[in-house]
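Participant: One structure coming up, written as structure tokens, with questions to follow.
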Amino acid sequence: MNNRLKVLRAERDWSQAHLAELLGVSRQTVNALETGRYDPSLPLAFKIARIFDQPIESIFSED
Amino acid sequence: MSSVEDPKMSWPVRIGGLFFLGLAGAGVGYLVGGRMEVEDLRWDDALALVIAAMLLMTGVILAAMAAMRSSKLPPACGPLQALVMLIAGGLMVAPIWGPNLASPDVVFIGLVLLSLVQSVANLMLWCHADEMLRRVMVETSALAFWASQMALFLYAAAERLGLTGGVSAWGMMAVLMTIYLLASAVASMRRGLH
């Protein structure tokens with residue numbers, strides 16, 4: 001699965017640590033999400049969408 | 001921006017940290033090795049000691065990371081991971097080295113108590129972990145179970161066929177821990193945890 005997490009985070013000038021804090025996960029998890037090494041659970045995907053104020057499908061897309 | 005950024009470690013601090021870790025490792029190695037007949041060491045004891053050293057080293061590194069780079073790990077997970085690793089290392093050393101300090105039954109009681117603490121720490125780690133760390137723990141367990149089961153089956157079959165034999169339960173435990181460590185490394189690297 002692809003995602004625009006890195007772009008969205010950069011647009012807001014947030015660090016990985018800050019996003020991790022907002023999501024309640026570790027910085028390693030944010031890094032793994034951004035690099036495509038980990039696909040989030042549905043609850044975490046919803047949380048990401050809520051934080052960036054965008055629909056899930058505009059953040060995550062199929063390969 | 002957040003206030004949870006970790007401070008950058010300077011090179012002198014990094015080199016000093018590595019030097020300290022090396023010194024601590026050499027000290028522990030001297031203390032443990034000095035009380036054992038290394039020439040008479042069986043292969044299972046040697047493997048258990050290597051695994052114990054790796055677990056203890058990982059525990060010390062995790063403890064240092066938890067102290068200096070706490071945002072890299074889920075809250076409370078760093079100290080718990082370090083504790084789990086250090087206890088696991090102690091559990092692997094104690095049956096070999098413990099009788100130098102106390103009688104075998106006292107050592108065994110200590111091992112039972114340590115195992116209980118280890119189980120509670122593992123449970124707490126699971127509760128505090130975020131979803132990716134839990135996924136890594138589950139994948140490690142699955143991979144280690146699959147590989148251990150296959151190794152045990154092949155050994156048992158070879159023993160039944162009269163081709164081999166004589167591996168003690170302690171030897172099997174040392175092999176199991178080796179497999180577990182390898183599985184943990186593979187599962188962690190897949191997620192970029194290294």
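Letters for chains follow the order of the structure tokens (A, B, ...), residue numbers begin at 1 for each chain, and ligand numbers begin at 1 in the order shown.
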Mind checking DSSP for range 28-175 of chain B and telling me the helix (DSSP H, G or I) residues as an NGL selection string?

Facilitator: :B and (28-34 or 38-40 or 43-68 or 70-72 or 77-100 or 104-128 or 131-160 or 169-175)

Participant: Write out as a list in words each polymer residue whose atoms come within 7 Å of Leu125 in chain B, counting only C-alpha atoms; drop sequence neighbours fewer than 5 positions from it.

Facilitator: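 Here the qualifying residues turn out to be Cys77, Leu80 and Gln81 of chain B.
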
Participant: Check which residues of chain A sit at most 8 Å from chain B using only C-alpha atoms, and return one row each with the closest pair of atoms and their distance in Å to one decimal, ordered by chain and rising number, as a Markdown table.

Facilitator:
| residue | atom | partner | partner_atom | distance |
| --- | --- | --- | --- | --- |
| A:Asp13 | CA | B:Met1 | CA | 7.3 |
| A:Trp14 | CA | B:Met1 | CA | 5.6 |
| A:Ser15 | CA | B:Met1 | CA | 6.7 |
| A:Ala17 | CA | B:Glu5 | CA | 6.0 |
| A:His18 | CA | B:Ser2 | CA | 4.9 |
| A:Glu21 | CA | B:Val4 | CA | 7.8 |
| A:Gly24 | CA | B:Asp130 | CA | 7.7 |
| A:Val25 | CA | B:Asp130 | CA | 5.5 |
| A:Ser26 | CA | B:Pro74 | CA | 4.5 |
| A:Arg27 | CA | B:Lys72 | CA | 5.0 |
| A:Gln28 | CA | B:Lys72 | CA | 5.7 |
| A:Thr29 | CA | B:Met132 | CA | 6.2 |
| A:Ala32 | CA | B:Arg191 | CA | 6.0 |
| A:Arg37 | CA | B:Arg191 | CA | 5.2 |
| A:Tyr38 | CA | B:Arg191 | CA | 6.3 |
| A:Ser41 | CA | B:Glu131 | CA | 7.8 |

Participant: Leaving out Arg4 in chain A and any residue of its chain fewer than 5 positions from it, which residues lie within 8 Å of it when counting only C-alpha atoms, given as a CSV table (one decimal) with C-alpha atoms, in the first residue's frame?

Facilitator:
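Once written, out_21.csv looks like this:
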chain,number,residue,atom,x,y,z
A,34,GLU,CA,6.3,6.5,5.7
A,59,ILE,CA,-3.9,9.4,2.1
A,60,PHE,CA,-3.6,5.7,1.3

Participant: Show me, as a PyMOL selection string, the residues that have an atom within 10 Å of range 91-105 of chain B when counting only C-alpha atoms, minus same-chain residues fewer than 5 positions from it.

Facilitator: chain B and resi 32-33+35-36+41+45-53+55-56+85-86+110-112+114-115+118+170+173-174+177

Participant: Restricting the calculation to only C-alpha atoms: of B:Thr58, B:Ile179, B:Arg134, B:Ala76, which residue gets closest to Gly89 in chain B?

Facilitator: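 Nearest to Gly89 in chain B: B:Thr58.
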
Participant: Which residue, A:Leu23, A:Thr35, A:Pro40, A:Ile51, has the smallest gap to Leu8 in chain A when you use only C-alpha atoms?

Facilitator: A:Ile51

Participant: Considering only C-alpha atoms, return as a PyMOL selection string whatever protein or nucleic-acid residues lie within 9 Å of Ala144 in chain B, sequence-local ones (same chain, fewer than 6 positions apart) excluded.

Facilitator: chain B and resi 176-177+179-184

Participant: As an exercise, work out the distance from CA of Val136 in chain B to CA of Ser188 in chain B in Å and give it to one decimal place.

Facilitator: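 Those two atoms sit 6.2 Å apart.
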
Participant: Counting only C-alpha atoms, what is within 9 Å of Gly25 in chain B, bar same-chain residues fewer than 5 positions away, as a PyMOL selection string?

Facilitator: chain B and resi 20+30+53+57
